[in-house]
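Shown here: target_38.pdb, PDB, C-alpha atoms.
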ATOM      1  CA  MET A   1      35.261  39.429 -15.936
ATOM      2  CA  LYS A   2      31.640  39.564 -17.095
ATOM      3  CA  ALA A   3      29.072  42.283 -16.391
ATOM      4  CA  VAL A   4      25.340  42.273 -17.089
ATOM      5  CA  ILE A   5      23.446  45.458 -17.944
ATOM      6  CA  LEU A   6      19.719  45.014 -17.375
ATOM      7  CA  ALA A   7      18.333  47.284 -20.077
ATOM      8  CA  GLY A   8      14.845  45.831 -20.455
ATOM      9  CA  GLY A   9      11.524  47.315 -19.580
ATOM     10  CA  PHE A  10       9.277  49.713 -21.408
ATOM     11  CA  GLY A  11      10.262  52.935 -19.648
ATOM     12  CA  THR A  12       6.687  53.859 -18.824
ATOM     13  CA  ARG A  13       7.745  56.335 -16.135
ATOM     14  CA  LEU A  14       9.888  58.234 -18.645
ATOM     15  CA  ARG A  15       7.177  58.726 -21.237
ATOM     16  CA  PRO A  16       6.951  60.561 -23.604
ATOM     17  CA  LEU A  17      10.759  60.217 -23.983
ATOM     18  CA  THR A  18      10.472  56.441 -24.354
ATOM     19  CA  PHE A  19       7.817  56.350 -27.056
ATOM     20  CA  THR A  20      10.521  56.287 -29.747
ATOM     21  CA  LYS A  21      13.583  54.900 -27.939
ATOM     22  CA  PRO A  22      14.378  52.654 -24.968
ATOM     23  CA  LYS A  23      15.459  54.044 -21.588
ATOM     24  CA  PRO A  24      19.135  53.170 -22.099
ATOM     25  CA  MET A  25      19.233  55.295 -25.255
ATOM     26  CA  ILE A  26      17.958  58.483 -23.586
ATOM     27  CA  PRO A  27      20.758  61.056 -23.981
ATOM     28  CA  LEU A  28      22.661  62.317 -20.946
ATOM     29  CA  VAL A  29      25.547  64.755 -21.454
ATOM     30  CA  ASN A  30      25.587  64.215 -25.226
ATOM     31  CA  LYS A  31      25.553  60.414 -25.268
ATOM     32  CA  PRO A  32      23.081  57.673 -24.335
ATOM     33  CA  VAL A  33      22.912  56.552 -20.709
ATOM     34  CA  ILE A  34      23.960  53.020 -21.664
ATOM     35  CA  GLU A  35      27.181  54.324 -23.199
ATOM     36  CA  HIS A  36      28.073  55.978 -19.883
ATOM     37  CA  VAL A  37      27.445  52.643 -18.146
ATOM     38  CA  VAL A  38      29.613  50.723 -20.634
ATOM     39  CA  ASP A  39      32.414  53.297 -20.299
ATOM     40  CA  TYR A  40      32.270  52.971 -16.502
ATOM     41  CA  LEU A  41      32.454  49.173 -16.627
ATOM     42  CA  VAL A  42      35.352  49.273 -19.087
ATOM     43  CA  SER A  43      37.221  51.720 -16.838
ATOM     44  CA  TYR A  44      37.151  49.031 -14.124
ATOM     45  CA  GLY A  45      38.509  46.350 -16.423
ATOM     46  CA  LEU A  46      35.290  44.563 -17.329
ATOM     47  CA  ASN A  47      35.643  43.353 -20.895
ATOM     48  CA  ASP A  48      32.717  40.947 -21.375
ATOM     49  CA  ILE A  49      29.430  42.862 -21.163
ATOM     50  CA  VAL A  50      26.007  41.311 -21.683
ATOM     51  CA  VAL A  51      23.109  43.677 -22.403
ATOM     52  CA  THR A  52      19.673  42.184 -21.714
ATOM     53  CA  THR A  53      16.795  43.910 -23.451
ATOM     54  CA  THR A  54      13.583  43.316 -25.367
ATOM     55  CA  PHE A  55      12.235  46.777 -26.181
ATOM     56  CA  PHE A  56      13.979  48.459 -29.167
ATOM     57  CA  ARG A  57      16.826  45.945 -28.866
ATOM     58  CA  GLU A  58      18.035  46.666 -32.407
ATOM     59  CA  MET A  59      18.533  50.360 -31.611
ATOM     60  CA  ILE A  60      20.951  49.524 -28.795
ATOM     61  CA  MET A  61      22.810  46.990 -30.926
ATOM     62  CA  GLU A  62      23.093  49.443 -33.808
ATOM     63  CA  HIS A  63      24.449  52.166 -31.521
ATOM     64  CA  PHE A  64      27.440  50.043 -30.512
ATOM     65  CA  ARG A  65      27.943  48.266 -33.846
ATOM     66  CA  PHE A  66      30.442  50.765 -35.265
ATOM     67  CA  ARG A  67      31.993  52.054 -32.065
ATOM     68  CA  ASN A  68      35.506  50.803 -31.423
ATOM     69  CA  ARG A  69      35.429  49.268 -27.947
ATOM     70  CA  GLY A  70      38.895  47.720 -28.163
ATOM     71  CA  ASP A  71      38.940  44.281 -26.590
ATOM     72  CA  VAL A  72      35.466  44.676 -25.066
ATOM     73  CA  ARG A  73      32.874  42.107 -26.103
ATOM     74  CA  LEU A  74      29.254  43.257 -26.069
ATOM     75  CA  SER A  75      26.592  40.572 -26.443
ATOM     76  CA  TYR A  76      22.813  40.745 -26.611
ATOM     77  CA  PRO A  77      21.150  37.415 -25.800
ATOM     78  CA  PRO A  78      17.720  37.101 -27.429
ATOM     79  CA  GLU A  79      14.838  37.742 -25.067
ATOM     80  CA  PRO A  80      11.644  37.379 -27.127
ATOM     81  CA  TYR A  81       9.440  38.559 -24.262
ATOM     82  CA  PRO A  82      10.205  40.285 -20.935
ATOM     83  CA  LEU A  83      11.725  37.713 -18.560
ATOM     84  CA  GLY A  84      11.957  39.931 -15.488
ATOM     85  CA  THR A  85      15.122  40.581 -13.500
ATOM     86  CA  ALA A  86      15.953  36.999 -12.500
ATOM     87  CA  GLY A  87      14.996  35.632 -15.909
ATOM     88  CA  SER A  88      17.184  38.164 -17.695
ATOM     89  CA  VAL A  89      20.184  37.376 -15.491
ATOM     90  CA  LYS A  90      19.669  33.646 -16.040
ATOM     91  CA  ASN A  91      19.311  34.198 -19.796
ATOM     92  CA  ALA A  92      22.533  36.252 -19.813
ATOM     93  CA  GLY A  93      24.284  33.044 -18.786
TER      94      GLY A  93
END
Could you show the structure in this file as structure tokens?
Amino acid sequence: MKAVILAGGFGTRLRPLTFTKPKPMIPLVNKPVIEHVVDYLVSYGLNDIVVTTTFFREMIMEHFRFRNRGDVRLSYPPEPYPLGTAGSVKNAG
């Protein structure tokens, strides 16, 4: 089963925390928020996770690059400019 994590946006309401990292990478209980979300999805058997993002995309990709997620597939479709909610879901395909 596939899940989509909408991780785009500039995090303007969380500034100054988001000047140097995207919202999903803000730490919560010693790990980034997005890692909590991925763990939750995996615990319910979701093994194909698409992360849509434009802002600091590489930072999110790098975070998960060396983490062993077992049989979980994380993908990051390119989104060269913010597509909005519907556009991101469509782009996640």
Query - Selection result of the PyMOL selection byres ((chain A and resi 48) around 10) on this file, as an MDAnalysis selection string - result: chainID A and resid 1:4 41:42 45:47 49:50 71:75
Requested in this report: Rank A:Tyr44, A:Thr52, A:Gly9, A:His63 by their smallest atom-to-atom distance to Lys31 (chain A), using all atoms listed in the file, and report the top residue only.
Outcome: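 Closest candidate: A:His63.
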Query - Distance criterion (only C-alpha atoms): nearest to Val33 (chain A) out of A:Ala7, A:Phe56, A:Phe19, A:Arg13 - result: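 Among the listed residues, A:Ala7 lies closest to Val33 (chain A).
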Query raised in the report: From the set A:Met61, A:Ala92, A:Val51, A:Leu83, which residue has the shortest atom-to-atom contact distance to Val38 (chain A), counting all atoms listed in the file?
Result: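 Nearest candidate to Val38 (chain A) out of A:Met61, A:Ala92, A:Val51, A:Leu83: A:Val51.
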Query raised in the report: How would you write, as a PyMOL selection string, the residues chosen by the PyMOL selection byres ((chain A and resi 8) around 10) on this structure?
Result: chain A and resi 5-7+9-11+22-24+51-57+79+81-85+88
